[in-house]
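Peer 1: Sharing query.pdb below, PDB, C-alpha atoms:
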MODEL        1
ATOM      1  CA  MET X   1     -11.960  86.967-136.046
ATOM      2  CA  THR X   2     -14.287  84.262-134.703
ATOM      3  CA  LYS X   3     -14.734  81.241-136.894
ATOM      4  CA  LYS X   4     -18.221  80.873-138.329
ATOM      5  CA  THR X   5     -20.216  77.811-137.336
ATOM      6  CA  LYS X   6     -22.898  76.126-139.407
ATOM      7  CA  LEU X   7     -26.404  77.478-138.896
ATOM      8  CA  THR X   8     -28.855  75.022-137.322
ATOM      9  CA  ILE X   9     -32.629  75.260-136.779
ATOM     10  CA  GLU X  10     -31.929  75.828-133.082
ATOM     11  CA  THR X  11     -29.505  78.705-133.680
ATOM     12  CA  LEU X  12     -31.862  80.140-136.332
ATOM     13  CA  ARG X  13     -34.627  80.357-133.726
ATOM     14  CA  GLU X  14     -32.272  81.869-131.141
ATOM     15  CA  GLU X  15     -31.026  84.479-133.654
ATOM     16  CA  ALA X  16     -34.656  85.335-134.544
ATOM     17  CA  LYS X  17     -35.374  85.971-130.865
ATOM     18  CA  GLN X  18     -32.325  88.214-130.407
ATOM     19  CA  PHE X  19     -33.179  90.045-133.646
ATOM     20  CA  CYS X  20     -36.760  90.780-132.501
ATOM     21  CA  ILE X  21     -35.616  92.039-129.088
ATOM     22  CA  ALA X  22     -32.895  94.282-130.591
ATOM     23  CA  GLU X  23     -34.999  95.642-133.476
ATOM     24  CA  SER X  24     -37.911  96.508-131.182
ATOM     25  CA  LYS X  25     -35.595  98.998-129.412
ATOM     26  CA  ILE X  26     -34.264 100.735-132.540
ATOM     27  CA  LYS X  27     -35.584 104.138-133.662
ATOM     28  CA  ASN X  28     -35.355 103.773-137.419
ATOM     29  CA  SER X  29     -35.418 106.778-139.768
ATOM     30  CA  GLU X  30     -35.282 104.678-142.990
ATOM     31  CA  LEU X  31     -38.764 103.243-142.487
ATOM     32  CA  TYR X  32     -40.483 106.412-141.240
ATOM     33  CA  GLY X  33     -43.680 107.151-143.196
ATOM     34  CA  ILE X  34     -43.443 103.972-145.287
ATOM     35  CA  THR X  35     -46.840 102.282-145.555
ATOM     36  CA  ASP X  36     -45.845  99.625-148.098
ATOM     37  CA  GLY X  37     -45.737  96.341-146.159
ATOM     38  CA  LYS X  38     -43.597  94.734-148.870
ATOM     39  CA  ALA X  39     -40.880  97.377-148.423
ATOM     40  CA  VAL X  40     -40.878  96.876-144.640
ATOM     41  CA  GLY X  41     -40.796  93.092-145.124
ATOM     42  CA  THR X  42     -37.850  93.275-147.546
ATOM     43  CA  TYR X  43     -35.959  95.539-145.127
ATOM     44  CA  VAL X  44     -36.465  93.127-142.198
ATOM     45  CA  GLU X  45     -35.644  90.009-144.252
ATOM     46  CA  HIS X  46     -32.401  91.489-145.594
ATOM     47  CA  LYS X  47     -31.301  92.777-142.202
ATOM     48  CA  PHE X  48     -31.969  89.412-140.553
ATOM     49  CA  GLN X  49     -30.178  87.561-143.381
ATOM     50  CA  GLN X  50     -27.167  89.867-142.947
ATOM     51  CA  GLN X  51     -27.146  89.064-139.212
ATOM     52  CA  LEU X  52     -27.127  85.325-139.986
ATOM     53  CA  ASN X  53     -24.492  85.699-142.710
ATOM     54  CA  SER X  54     -22.136  87.620-140.423
ATOM     55  CA  LYS X  55     -22.117  84.839-137.807
ATOM     56  CA  TYR X  56     -22.841  81.527-139.535
ATOM     57  CA  ILE X  57     -22.121  79.394-142.545
ATOM     58  CA  VAL X  58     -25.520  79.715-144.218
ATOM     59  CA  THR X  59     -26.992  79.516-147.705
ATOM     60  CA  ILE X  60     -29.087  82.583-148.528
ATOM     61  CA  GLY X  61     -31.578  81.893-151.303
ATOM     62  CA  SER X  62     -32.051  83.846-154.495
ATOM     63  CA  SER X  63     -35.421  84.947-155.820
ATOM     64  CA  ALA X  64     -35.111  82.043-158.294
ATOM     65  CA  SER X  65     -34.938  79.448-155.489
ATOM     66  CA  GLY X  66     -38.012  81.012-153.888
ATOM     67  CA  ILE X  67     -36.941  80.090-150.342
ATOM     68  CA  ASP X  68     -34.825  82.425-148.208
ATOM     69  CA  LEU X  69     -32.786  79.699-146.476
ATOM     70  CA  PRO X  70     -32.876  76.834-148.990
ATOM     71  CA  SER X  71     -30.239  74.387-147.670
ATOM     72  CA  LYS X  72     -31.731  70.933-146.976
ATOM     73  CA  ASP X  73     -30.992  71.029-143.248
ATOM     74  CA  ILE X  74     -32.682  74.467-142.779
ATOM     75  CA  LEU X  75     -35.199  74.727-145.682
ATOM     76  CA  THR X  76     -36.989  77.743-144.217
ATOM     77  CA  ASP X  77     -38.726  80.722-145.802
ATOM     78  CA  ILE X  78     -38.808  84.011-143.886
ATOM     79  CA  LYS X  79     -42.142  85.851-143.774
ATOM     80  CA  VAL X  80     -42.576  89.355-142.382
ATOM     81  CA  THR X  81     -46.035  90.817-141.851
ATOM     82  CA  SER X  82     -47.931  93.494-139.929
ATOM     83  CA  ILE X  83     -50.082  92.576-136.919
ATOM     84  CA  LYS X  84     -52.900  94.585-138.579
ATOM     85  CA  GLN X  85     -53.322  91.802-141.127
ATOM     86  CA  PRO X  86     -50.829  88.975-140.550
ATOM     87  CA  GLN X  87     -50.638  87.412-144.005
ATOM     88  CA  SER X  88     -48.344  87.007-146.992
ATOM     89  CA  SER X  89     -48.246  85.273-150.344
ATOM     90  CA  CYS X  90     -46.104  82.348-151.433
ATOM     91  CA  PRO X  91     -45.536  80.535-154.740
ATOM     92  CA  TYR X  92     -48.171  78.003-155.758
ATOM     93  CA  LYS X  93     -46.543  74.698-156.659
ATOM     94  CA  ASP X  94     -49.401  72.255-156.492
ATOM     95  CA  ALA X  95     -52.756  71.706-154.820
ATOM     96  CA  LYS X  96     -51.325  69.108-152.403
ATOM     97  CA  GLN X  97     -49.604  71.937-150.481
ATOM     98  CA  LYS X  98     -52.942  72.969-149.002
ATOM     99  CA  ILE X  99     -53.396  69.473-147.543
ATOM    100  CA  PHE X 100     -49.889  68.124-146.899
ATOM    101  CA  GLY X 101     -48.049  71.403-146.260
ATOM    102  CA  LEU X 102     -45.846  73.744-148.261
ATOM    103  CA  GLY X 103     -42.836  71.406-148.209
ATOM    104  CA  TYR X 104     -40.623  73.737-146.157
ATOM    105  CA  ASN X 105     -40.569  75.512-142.772
ATOM    106  CA  LEU X 106     -41.677  79.085-142.156
ATOM    107  CA  LEU X 107     -40.161  81.688-139.846
ATOM    108  CA  VAL X 108     -42.874  84.324-139.390
ATOM    109  CA  PHE X 109     -42.050  87.771-137.979
ATOM    110  CA  VAL X 110     -45.110  89.845-137.012
ATOM    111  CA  TYR X 111     -44.549  93.521-136.223
ATOM    112  CA  ASN X 112     -46.469  96.569-135.074
ATOM    113  CA  LYS X 113     -45.043  99.621-136.889
ATOM    114  CA  ILE X 114     -45.115 102.772-134.770
ATOM    115  CA  ASP X 115     -44.173 106.094-136.426
ATOM    116  CA  ASN X 116     -43.074 108.969-134.205
ATOM    117  CA  PRO X 117     -43.781 112.331-135.953
ATOM    118  CA  LYS X 118     -41.677 114.264-133.402
ATOM    119  CA  THR X 119     -38.463 112.360-134.096
ATOM    120  CA  LYS X 120     -39.457 111.251-137.627
ATOM    121  CA  THR X 121     -38.458 107.707-136.724
ATOM    122  CA  THR X 122     -40.171 104.350-136.740
ATOM    123  CA  THR X 123     -40.113 101.566-134.200
ATOM    124  CA  LEU X 124     -40.816  98.048-135.426
ATOM    125  CA  HIS X 125     -42.182  96.361-132.340
ATOM    126  CA  PHE X 126     -42.178  92.589-132.896
ATOM    127  CA  VAL X 127     -45.273  91.203-131.183
ATOM    128  CA  SER X 128     -44.862  87.645-132.463
ATOM    129  CA  CYS X 129     -42.234  85.452-134.058
ATOM    130  CA  THR X 130     -42.982  81.815-134.791
ATOM    131  CA  PHE X 131     -41.097  78.928-136.346
ATOM    132  CA  ILE X 132     -43.578  76.655-138.123
ATOM    133  CA  SER X 133     -42.252  73.231-139.130
ATOM    134  CA  SER X 134     -43.169  72.117-142.636
ATOM    135  CA  GLU X 135     -45.604  69.443-141.372
ATOM    136  CA  ARG X 136     -47.778  72.198-139.827
ATOM    137  CA  THR X 137     -47.923  74.449-142.914
ATOM    138  CA  ALA X 138     -51.138  73.039-144.435
ATOM    139  CA  ASP X 139     -54.555  74.703-144.275
ATOM    140  CA  TYR X 140     -56.223  74.404-140.871
ATOM    141  CA  THR X 141     -59.861  73.872-141.879
ATOM    142  CA  THR X 142     -59.142  71.558-144.824
ATOM    143  CA  THR X 143     -56.894  69.254-142.794
ATOM    144  CA  TYR X 144     -59.270  69.340-139.810
ATOM    145  CA  ARG X 145     -62.248  68.273-141.949
ATOM    146  CA  LEU X 146     -60.301  65.589-143.812
ATOM    147  CA  ARG X 147     -59.020  64.112-140.560
ATOM    148  CA  GLU X 148     -62.583  64.065-139.183
ATOM    149  CA  MET X 149     -63.890  62.438-142.384
ATOM    150  CA  ILE X 150     -61.289  59.672-142.181
ATOM    151  CA  LYS X 151     -62.214  59.059-138.531
ATOM    152  CA  ASP X 152     -65.846  58.797-139.683
ATOM    153  CA  LYS X 153     -64.884  56.110-142.252
ATOM    154  CA  ALA X 154     -65.257  58.298-145.358
ATOM    155  CA  ASN X 155     -64.353  56.641-148.662
ATOM    156  CA  GLU X 156     -62.445  58.010-151.682
ATOM    157  CA  GLU X 157     -65.619  59.356-153.326
ATOM    158  CA  ASP X 158     -66.456  61.312-150.157
ATOM    159  CA  ILE X 159     -62.961  62.809-150.108
ATOM    160  CA  VAL X 160     -63.127  63.762-153.813
ATOM    161  CA  ALA X 161     -66.549  65.366-153.243
ATOM    162  CA  TYR X 162     -65.171  67.410-150.329
ATOM    163  CA  LEU X 163     -62.099  68.560-152.284
ATOM    164  CA  THR X 164     -64.325  69.499-155.248
ATOM    165  CA  ASP X 165     -66.699  71.371-152.974
ATOM    166  CA  LYS X 166     -63.785  73.341-151.530
ATOM    167  CA  ASN X 167     -62.561  74.275-155.047
ATOM    168  CA  ILE X 168     -59.142  72.706-154.513
ATOM    169  CA  PRO X 169     -57.364  73.844-157.705
ATOM    170  CA  ALA X 170     -56.893  70.502-159.499
ATOM    171  CA  ASP X 171     -58.544  68.417-162.218
ATOM    172  CA  GLU X 172     -60.637  65.303-161.547
ATOM    173  CA  ILE X 173     -57.805  62.767-161.990
ATOM    174  CA  THR X 174     -55.512  64.773-159.682
ATOM    175  CA  LEU X 175     -58.277  64.983-157.057
ATOM    176  CA  GLN X 176     -58.784  61.199-157.238
ATOM    177  CA  ASN X 177     -55.036  60.652-156.784
ATOM    178  CA  MET X 178     -55.030  63.084-153.869
ATOM    179  CA  ALA X 179     -57.980  61.262-152.280
ATOM    180  CA  LYS X 180     -56.012  57.982-152.498
ATOM    181  CA  MET X 181     -53.020  59.675-150.815
ATOM    182  CA  ILE X 182     -55.232  61.149-148.086
ATOM    183  CA  MET X 183     -56.822  57.753-147.362
ATOM    184  CA  LYS X 184     -53.423  56.064-147.245
ATOM    185  CA  ASN X 185     -51.609  58.817-145.369
ATOM    186  CA  PRO X 186     -54.005  61.162-143.490
ATOM    187  CA  PRO X 187     -52.613  64.708-143.326
ATOM    188  CA  LYS X 188     -51.286  66.214-140.119
ATOM    189  CA  GLN X 189     -53.292  69.092-138.658
ATOM    190  CA  GLY X 190     -52.176  72.314-140.386
ATOM    191  CA  TYR X 191     -52.221  75.728-138.729
ATOM    192  CA  LEU X 192     -52.271  78.206-141.618
ATOM    193  CA  THR X 193     -55.238  79.605-143.489
ATOM    194  CA  ILE X 194     -54.424  79.151-147.183
ATOM    195  CA  SER X 195     -56.603  80.911-149.748
ATOM    196  CA  ASN X 196     -56.769  79.624-153.322
ATOM    197  CA  ALA X 197     -55.212  82.020-155.823
ATOM    198  CA  LEU X 198     -52.521  82.057-158.534
ATOM    199  CA  GLN X 199     -50.256  82.456-155.523
ATOM    200  CA  TRP X 200     -51.190  80.892-152.208
ATOM    201  CA  ARG X 201     -52.318  83.522-149.719
ATOM    202  CA  LEU X 202     -51.123  82.529-146.247
ATOM    203  CA  GLN X 203     -52.813  83.939-143.168
ATOM    204  CA  TYR X 204     -51.192  83.600-139.745
ATOM    205  CA  GLN X 205     -53.789  84.856-137.267
ATOM    206  CA  ARG X 206     -54.376  81.343-135.911
ATOM    207  CA  VAL X 207     -50.649  80.906-135.254
ATOM    208  CA  VAL X 208     -50.292  84.397-133.713
ATOM    209  CA  SER X 209     -53.267  83.749-131.378
ATOM    210  CA  LEU X 210     -52.213  80.197-130.485
ATOM    211  CA  THR X 211     -51.710  79.758-126.744
ATOM    212  CA  LYS X 212     -51.518  75.973-126.441
ATOM    213  CA  ASN X 213     -48.373  73.967-127.139
ATOM    214  CA  VAL X 214     -48.400  72.267-130.542
ATOM    215  CA  SER X 215     -45.482  70.123-131.671
ATOM    216  CA  GLY X 216     -43.931  71.674-134.774
ATOM    217  CA  ILE X 217     -44.926  75.244-133.803
ATOM    218  CA  ASN X 218     -42.292  77.099-131.810
ATOM    219  CA  LYS X 219     -43.357  80.482-130.403
ATOM    220  CA  ILE X 220     -40.109  82.469-130.270
ATOM    221  CA  ILE X 221     -41.663  85.828-129.303
ATOM    222  CA  ASP X 222     -45.249  85.786-128.080
ATOM    223  CA  GLU X 223     -46.947  88.736-126.427
ATOM    224  CA  ASN X 224     -50.028  86.583-125.739
ATOM    225  CA  ILE X 225     -47.949  84.655-123.213
ATOM    226  CA  GLU X 226     -45.532  87.382-122.126
ATOM    227  CA  LYS X 227     -48.174  89.889-120.957
TER
ENDMDL
END
Can you turn what I pasted into structure tokens?
Peer 2:
Amino acid sequence: MTKKTKLTIETLREEAKQFCIAESKIKNSELYGITDGKAVGTYVEHKFQQQLNSKYIVTIGSSASGIDLPSKDILTDIKVTSIKQPQSSCPYKDAKQKIFGLGYNLLVFVYNKIDNPKTKTTTLHFVSCTFISSERTADYTTTYRLREMIKDKANEEDIVAYLTDKNIPADEITLQNMAKMIMKNPPKQGYLTISNALQWRLQYQRVVSLTKNVSGINKIIDENIEK
């Protein structure tokens, strides 16, 4: 029996690639006719976690921890979504996440589900798989505008007015504190679209469509490039 090695970010990305290639070839009867994206997502997450667990020393998160791979050196949540509408939800912790990022990495699997009525099987064809480092997990438009404002010599009041205008979910004192943080430490450019809700709604179309190289965004499987 081969001795398990410790999972690293590098091996996580490599395993994600192998998983996508292998799964895209499987004719799966368990998922045939299932239209519930959450059920498909849970199936993929569990299968990928089992693959990691069989080969590596890895901490698999519980629903209480909220992150699938919660160890400090990995700190990555797995997201699985359909290409028809590449989005998912994630726990809301505080309004700063929209500006400074979620606080952890994301591994985003995007599939096209193809049902075959003749064989009553499903193929999950993975069209995209991306590792997004935590510093790139903020909202694209919000961080873009804030970075532009700082370049244009905006002051704290300008920043507070912008955050208020964008309905960032926080009270006045929190917004003022956030404005101070933004002035002192301008946010990095995020690449998600994050909608305000009781849970954050994360949309990945920008990441899926991305063709340029961006540090902190690693395209593991990308049909935009591979075609």
Peer 1: Skipping near chain neighbours, those fewer than 5 positions away, what residues fall within 10 Å of Lys96 of chain X using all atoms listed in the file, listed as a ChimeraX atom specification?
Peer 2: /X:101-103,138,168-170,174-175,178,181-182
Peer 1: Take every atom of segment 78-82 of chain X listed in the file, fit an axis-aligned box around them, add 3 Å per side, and give the centre and edge lengths in Å to one decimal as JSON.
Peer 2:
{"center_x": -43.4, "center_y": 88.8, "center_z": -141.9, "size_x": 15.1, "size_y": 15.5, "size_z": 10.0}
Peer 1: Can you tell me, as a VMD selection string, which residues sit within 9 Å of (-38.4, 73.3, -149.8) in the file's frame, using all atoms listed in the file?
Peer 2: chain X and resid 66 to 67 70 to 72 75 to 77 102 to 105 134
Peer 1: Report, in Å with one decimal, the straight-line distance from atom CA of Leu7 of chain X to atom CA of Phe48 of chain X.
Peer 2: 13.3 Å
Peer 1: Could you list, as a list in words, every residue within 9 Å of Ser215 of chain X, counting only C-alpha atoms and ignoring same-chain residues fewer than 2 positions away?
Peer 2: Ser133, Arg136, Asn213, Ile217 and Asn218 of chain X
Peer 1: Could you tell me which residues the PyMOL selection byres ((chain X and resi 179) around 9) grabs in this file, written as a list of chain:residue names?
Peer 2: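 Answer for the PyMOL selection byres ((chain X and resi 179) around 9): X:Asn155, X:Glu156, X:Glu157, X:Asp158, X:Ile159, X:Val160, X:Leu163, X:Thr174, X:Leu175, X:Gln176, X:Asn177, X:Met178, X:Lys180, X:Met181, X:Ile182, X:Met183, X:Lys184.
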Peer 1: Choose the residue, out of X:Ile60, X:Ile220, X:Met149, X:Val40, that has the smallest atom-to-atom separation from Gln18 of chain X; count only C-alpha atoms.
Peer 2: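 Distance minimum relative to Gln18 of chain X lands on X:Ile220.
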Peer 1: Using the chain letters and numbers from the file, give me the residues hit by the PyMOL selection byres ((chain X and resi 119) around 10), as a PyMOL selection string.
Peer 2: chain X and resi 27-29+32+115-118+120-122
